[in-house]
$ cat structure-v3.csv   # CSV, N, CA and C atoms
chain,number,residue,atom,x,y,z
P,1,MET,N,0.8,-1.2,0.0
P,1,MET,CA,0.0,0.0,0.0
P,1,MET,C,0.9,1.2,0.0
P,2,THR,N,0.4,2.2,-0.7
P,2,THR,CA,1.1,3.5,-0.7
P,2,THR,C,0.8,4.3,0.6
P,3,GLU,N,1.6,5.3,0.8
P,3,GLU,CA,1.4,6.1,2.0
P,3,GLU,C,0.0,6.8,2.0
P,4,GLU,N,-0.4,7.2,0.8
P,4,GLU,CA,-1.7,7.8,0.6
P,4,GLU,C,-2.9,6.8,0.9
P,5,GLU,N,-2.7,5.6,0.5
P,5,GLU,CA,-3.7,4.6,0.7
P,5,GLU,C,-3.8,4.3,2.2
P,6,HIS,N,-2.7,4.3,2.9
P,6,HIS,CA,-2.7,4.0,4.4
P,6,HIS,C,-3.4,5.2,5.1
P,7,ILE,N,-3.2,6.4,4.7
P,7,ILE,CA,-3.8,7.6,5.2
P,7,ILE,C,-5.3,7.5,5.0
P,8,GLN,N,-5.7,7.2,3.8
P,8,GLN,CA,-7.1,7.1,3.4
P,8,GLN,C,-7.8,6.0,4.2
P,9,LYS,N,-7.2,4.8,4.3
P,9,LYS,CA,-7.8,3.7,5.1
P,9,LYS,C,-7.9,4.1,6.6
P,10,GLY,N,-6.9,4.7,7.1
P,10,GLY,CA,-6.9,5.1,8.5
P,10,GLY,C,-8.0,6.2,8.8
P,11,PHE,N,-8.1,7.1,7.8
P,11,PHE,CA,-9.1,8.2,7.9
P,11,PHE,C,-10.5,7.6,8.0
P,12,ASN,N,-10.8,6.7,7.0
P,12,ASN,CA,-12.1,6.1,6.9
P,12,ASN,C,-12.4,5.3,8.2
P,13,THR,N,-11.4,4.5,8.7
P,13,THR,CA,-11.6,3.7,9.9
P,13,THR,C,-11.9,4.6,11.1
P,14,GLY,N,-11.1,5.7,11.2
P,14,GLY,CA,-11.2,6.6,12.4
P,14,GLY,C,-12.5,7.3,12.4
P,15,TYR,N,-13.0,7.7,11.2
P,15,TYR,CA,-14.2,8.4,11.0
P,15,TYR,C,-15.4,7.5,11.4
P,16,ARG,N,-15.4,6.3,10.9
P,16,ARG,CA,-16.5,5.3,11.2
P,16,ARG,C,-16.5,4.9,12.6
P,17,LEU,N,-15.3,4.6,13.2
P,17,LEU,CA,-15.3,4.2,14.6
P,17,LEU,C,-15.7,5.3,15.5
P,18,GLN,N,-15.4,6.5,15.2
P,18,GLN,CA,-15.8,7.7,16.0
P,18,GLN,C,-17.4,7.8,15.9
P,19,GLN,N,-18.0,7.4,14.8
P,19,GLN,CA,-19.4,7.4,14.7
P,19,GLN,C,-20.0,6.3,15.6
P,20,LEU,N,-19.4,5.2,15.6
P,20,LEU,CA,-20.0,4.0,16.2
P,20,LEU,C,-19.7,3.9,17.7
P,21,ASP,N,-18.5,4.3,18.1
P,21,ASP,CA,-18.0,4.1,19.4
P,21,ASP,C,-16.9,5.1,19.8
P,22,PRO,N,-17.3,6.4,20.1
P,22,PRO,CA,-16.3,7.4,20.3
P,22,PRO,C,-15.4,7.1,21.5
P,23,THR,N,-15.8,6.4,22.5
P,23,THR,CA,-14.9,6.1,23.6
P,23,THR,C,-13.8,5.1,23.1
P,24,LEU,N,-14.2,4.1,22.3
P,24,LEU,CA,-13.2,3.2,21.8
P,24,LEU,C,-12.2,3.9,20.9
P,25,SER,N,-12.7,4.8,20.1
P,25,SER,CA,-11.9,5.6,19.2
P,25,SER,C,-10.9,6.4,19.9
P,26,GLN,N,-11.3,7.0,21.0
P,26,GLN,CA,-10.3,7.8,21.8
P,26,GLN,C,-9.3,6.9,22.5
P,27,LYS,N,-9.7,5.7,22.9
P,27,LYS,CA,-8.7,4.8,23.4
P,27,LYS,C,-7.6,4.4,22.4
P,28,PHE,N,-8.1,4.2,21.2
P,28,PHE,CA,-7.1,3.9,20.1
P,28,PHE,C,-6.2,5.0,19.9
P,29,ILE,N,-6.7,6.2,19.9
P,29,ILE,CA,-5.8,7.4,19.7
P,29,ILE,C,-4.8,7.5,20.8
P,30,GLN,N,-5.2,7.2,22.1
P,30,GLN,CA,-4.3,7.3,23.2
P,30,GLN,C,-3.2,6.2,23.0
P,31,THR,N,-3.5,5.0,22.5
P,31,THR,CA,-2.5,4.0,22.3
P,31,THR,C,-1.6,4.3,21.1
P,32,PHE,N,-2.1,5.1,20.2
P,32,PHE,CA,-1.3,5.5,19.0
P,32,PHE,C,-0.4,6.6,19.3
P,33,GLU,N,-0.5,7.2,20.4
P,33,GLU,CA,0.3,8.4,20.7
P,33,GLU,C,1.8,8.2,20.5
P,34,GLY,N,2.4,9.1,19.7
P,34,GLY,CA,3.8,9.0,19.4
P,34,GLY,C,4.1,8.2,18.1
P,35,ASN,N,3.1,7.5,17.6
P,35,ASN,CA,3.2,6.7,16.3
P,35,ASN,C,2.9,7.6,15.1
P,36,SER,N,3.9,7.7,14.2
P,36,SER,CA,3.7,8.6,13.1
P,36,SER,C,3.4,7.9,11.8
P,37,HIS,N,3.0,6.6,11.9
P,37,HIS,CA,2.6,5.8,10.7
P,37,HIS,C,1.4,6.5,10.0
P,38,PRO,N,1.5,6.6,8.6
P,38,PRO,CA,0.4,7.2,7.9
P,38,PRO,C,-1.0,6.7,8.2
P,39,TYR,N,-1.2,5.5,8.5
P,39,TYR,CA,-2.5,4.9,8.9
P,39,TYR,C,-3.0,5.7,10.2
P,40,VAL,N,-2.1,5.8,11.2
P,40,VAL,CA,-2.4,6.4,12.4
P,40,VAL,C,-2.8,7.9,12.2
P,41,GLN,N,-2.0,8.6,11.4
P,41,GLN,CA,-2.3,10.0,11.0
P,41,GLN,C,-3.7,10.1,10.4
P,42,GLY,N,-4.0,9.2,9.5
P,42,GLY,CA,-5.3,9.2,8.9
P,42,GLY,C,-6.4,8.9,9.9
P,43,PHE,N,-6.2,8.0,10.8
P,43,PHE,CA,-7.2,7.6,11.8
P,43,PHE,C,-7.5,8.8,12.6
P,44,VAL,N,-6.5,9.5,13.1
P,44,VAL,CA,-6.7,10.7,14.0
P,44,VAL,C,-7.4,11.8,13.2
P,45,LYS,N,-7.0,12.0,12.0
P,45,LYS,CA,-7.7,13.0,11.1
P,45,LYS,C,-9.2,12.7,10.9
P,46,GLY,N,-9.4,11.4,10.7
P,46,GLY,CA,-10.8,10.9,10.5
P,46,GLY,C,-11.7,11.2,11.7
P,47,THR,N,-11.2,11.0,12.9
P,47,THR,CA,-12.0,11.3,14.1
P,47,THR,C,-12.2,12.8,14.3
P,48,GLU,N,-11.1,13.5,14.0
P,48,GLU,CA,-11.2,15.0,14.1
P,48,GLU,C,-12.2,15.5,13.1
P,49,GLN,N,-12.2,15.0,11.9
P,49,GLN,CA,-13.2,15.4,10.9
P,49,GLN,C,-14.6,15.2,11.3
P,50,LEU,N,-14.9,14.1,11.8
P,50,LEU,CA,-16.3,13.8,12.3
P,50,LEU,C,-16.7,14.8,13.4
P,51,ASN,N,-15.7,15.0,14.4
P,51,ASN,CA,-16.0,15.9,15.5
P,51,ASN,C,-16.3,17.3,14.9
P,52,LEU,N,-15.5,17.7,13.9
P,52,LEU,CA,-15.7,19.1,13.3
P,52,LEU,C,-17.1,19.1,12.7
P,53,GLU,N,-17.5,18.1,11.9
P,53,GLU,CA,-18.8,18.1,11.3
P,53,GLU,C,-19.9,18.1,12.3
P,54,ARG,N,-19.7,17.5,13.4
P,54,ARG,CA,-20.8,17.5,14.4
P,54,ARG,C,-20.9,18.9,15.0
P,55,GLU,N,-19.8,19.5,15.3
P,55,GLU,CA,-19.8,20.9,15.8
P,55,GLU,C,-20.4,21.9,14.9
P,56,GLN,N,-20.1,21.7,13.6
P,56,GLN,CA,-20.7,22.6,12.6
P,56,GLN,C,-22.2,22.4,12.5
P,57,ALA,N,-22.6,21.1,12.5
P,57,ALA,CA,-24.1,20.8,12.5
P,57,ALA,C,-24.8,21.4,13.7
P,58,LYS,N,-24.2,21.3,14.8
P,58,LYS,CA,-24.8,21.9,16.0
P,58,LYS,C,-24.9,23.4,15.9
P,59,ALA,N,-23.8,24.0,15.5
P,59,ALA,CA,-23.8,25.5,15.3
P,59,ALA,C,-24.9,25.9,14.3
P,60,ASN,N,-25.0,25.1,13.2
P,60,ASN,CA,-26.0,25.5,12.2
P,60,ASN,C,-27.4,25.3,12.7
P,61,SER,N,-27.6,24.3,13.5
P,61,SER,CA,-28.9,24.1,14.1
P,61,SER,C,-29.3,25.2,15.1
P,62,GLN,N,-28.3,25.6,15.9
P,62,GLN,CA,-28.5,26.7,16.8
P,62,GLN,C,-28.8,28.0,16.1
P,63,THR,N,-28.1,28.3,15.0
P,63,THR,CA,-28.3,29.5,14.2
P,63,THR,C,-29.7,29.4,13.5
P,64,GLU,N,-30.1,28.2,13.1
P,64,GLU,CA,-31.4,28.1,12.5
P,64,GLU,C,-32.5,28.3,13.5
P,65,ASP,N,-32.4,27.8,14.7
P,65,ASP,CA,-33.3,28.0,15.8
P,65,ASP,C,-33.5,29.5,16.1
P,66,TYR,N,-32.3,30.2,16.2
P,66,TYR,CA,-32.3,31.6,16.5
P,66,TYR,C,-33.0,32.4,15.4
P,67,PHE,N,-32.7,32.1,14.2
P,67,PHE,CA,-33.4,32.7,13.0
P,67,PHE,C,-34.9,32.5,13.1
P,68,ASN,N,-35.3,31.3,13.4
P,68,ASN,CA,-36.8,31.0,13.4
P,68,ASN,C,-37.4,31.8,14.6
P,69,GLN,N,-36.7,32.0,15.7
P,69,GLN,CA,-37.3,32.8,16.8
P,69,GLN,C,-37.5,34.2,16.4
P,70,ILE,N,-36.5,34.7,15.7
P,70,ILE,CA,-36.6,36.1,15.2
P,70,ILE,C,-37.7,36.3,14.2
P,71,GLN,N,-37.7,35.3,13.3
P,71,GLN,CA,-38.7,35.4,12.2
P,71,GLN,C,-40.1,35.3,12.8
P,72,SER,N,-40.3,34.5,13.8
P,72,SER,CA,-41.7,34.4,14.4
P,72,SER,C,-42.1,35.7,15.1
P,73,ARG,N,-41.1,36.4,15.6
P,73,ARG,CA,-41.4,37.7,16.3
P,73,ARG,C,-41.7,38.8,15.2
P,74,LEU,N,-41.2,38.6,14.0
P,74,LEU,CA,-41.5,39.6,13.0
P,74,LEU,C,-42.7,39.4,12.2
P,75,LYS,N,-43.4,38.3,12.4
P,75,LYS,CA,-44.6,38.0,11.6
P,75,LYS,C,-45.7,39.0,11.9
P,76,PRO,N,-46.4,39.4,10.9
P,76,PRO,CA,-47.5,40.4,11.2
P,76,PRO,C,-48.5,39.8,12.1
P,77,ARG,N,-49.0,40.6,13.0
P,77,ARG,CA,-50.1,40.1,13.9
P,77,ARG,C,-51.4,40.1,13.2
P,78,SER,N,-52.3,39.2,13.5
P,78,SER,CA,-53.6,39.2,13.0
P,78,SER,C,-54.4,40.3,13.5
P,79,PRO,N,-55.3,40.9,12.8
P,79,PRO,CA,-56.1,42.0,13.2
P,79,PRO,C,-56.9,41.6,14.5
P,80,GLU,N,-57.1,42.6,15.4
P,80,GLU,CA,-57.8,42.3,16.6
P,80,GLU,C,-59.3,42.1,16.3
P,81,LYS,N,-59.9,41.3,17.2
P,81,LYS,CA,-61.3,41.0,17.0
P,81,LYS,C,-62.1,42.3,17.1
P,82,GLY,N,-63.1,42.4,16.3
P,82,GLY,CA,-64.0,43.6,16.3
P,82,GLY,C,-63.5,44.7,15.4
P,83,ARG,N,-62.3,44.6,14.9
P,83,ARG,CA,-61.8,45.7,14.0
P,83,ARG,C,-61.8,45.1,12.6
P,84,ASP,N,-62.0,46.0,11.6
P,84,ASP,CA,-61.8,45.7,10.2
P,84,ASP,C,-60.3,45.7,9.9
P,85,LYS,N,-59.9,45.0,8.8
P,85,LYS,CA,-58.5,44.9,8.4
P,85,LYS,C,-58.0,46.3,8.2
P,86,ASP,N,-58.8,47.2,7.6
P,86,ASP,CA,-58.3,48.5,7.2
P,86,ASP,C,-58.3,49.5,8.3
P,87,ASP,N,-59.0,49.1,9.4
P,87,ASP,CA,-59.1,50.0,10.6
P,87,ASP,C,-57.7,50.1,11.3
P,88,LYS,N,-57.2,51.3,11.4
P,88,LYS,CA,-55.9,51.4,12.0
P,88,LYS,C,-56.0,51.7,13.5
P,89,GLY,N,-57.2,51.6,14.0
P,89,GLY,CA,-57.4,51.8,15.5
P,89,GLY,C,-57.4,53.3,15.9
P,90,ILE,N,-57.5,54.2,14.9
P,90,ILE,CA,-57.6,55.6,15.2
P,90,ILE,C,-59.0,56.1,15.1
P,91,ASP,N,-59.5,56.7,16.1
P,91,ASP,CA,-60.8,57.3,16.2
P,91,ASP,C,-60.7,58.8,15.9
P,92,LEU,N,-61.5,59.2,14.9
P,92,LEU,CA,-61.5,60.7,14.6
P,92,LEU,C,-62.8,61.3,15.2

$ encode --input "structure-v3.csv" --output "structure tokens"
Amino acid sequence: MTEEEHIQKGFNTGYRLQQLDPTLSQKFIQTFEGNSHPYVQGFVKGTEQLNLEREQAKANSQTEDYFNQIQSRLKPRSPEKGRDKDDKGIDL
């Protein structure tokens, strides 16, 4: 296998294991400490990538929630009961 193939295989494995069992993934990373093999580098990058994607998804969700709250506050209110749509509530 080429170095690039080792990195890719490690990345995919790290990404997938982080999805399925983050605790086990972190244990592997601890045991890999100090190892500079391309597979290990890819594994670590794969776990980091998934964590980054999860953080971005969470931030996007929070931003969307905030946007929806603002948008709901800006919606025009329905006319009050007993008033016509054209009535501005001003008595002359």

$ atom_distance --input "structure-v3.csv" --atom1 "atom N of Glu4 in chain P" --atom2 "CA of Gln56 in chain P"
28.1 Å

$ atom_distance --input "structure-v3.csv" --atom1 "CA of Lys45 in chain P" --atom2 "atom N of Asn60 in chain P"
21.2 Å

$ atom_distance --input "structure-v3.csv" --atom1 "atom C of Phe43 in chain P" --atom2 "atom C of Ser25 in chain P"
8.4 Å

$ residues_around --input "structure-v3.csv" --residues "range 18-23 of chain P" --least-positions-apart "3" --cutoff "12 Å" --atoms "only C-alpha atoms" --output "PyMOL selection string"
chain P and resi 10-15+26-30+43-54
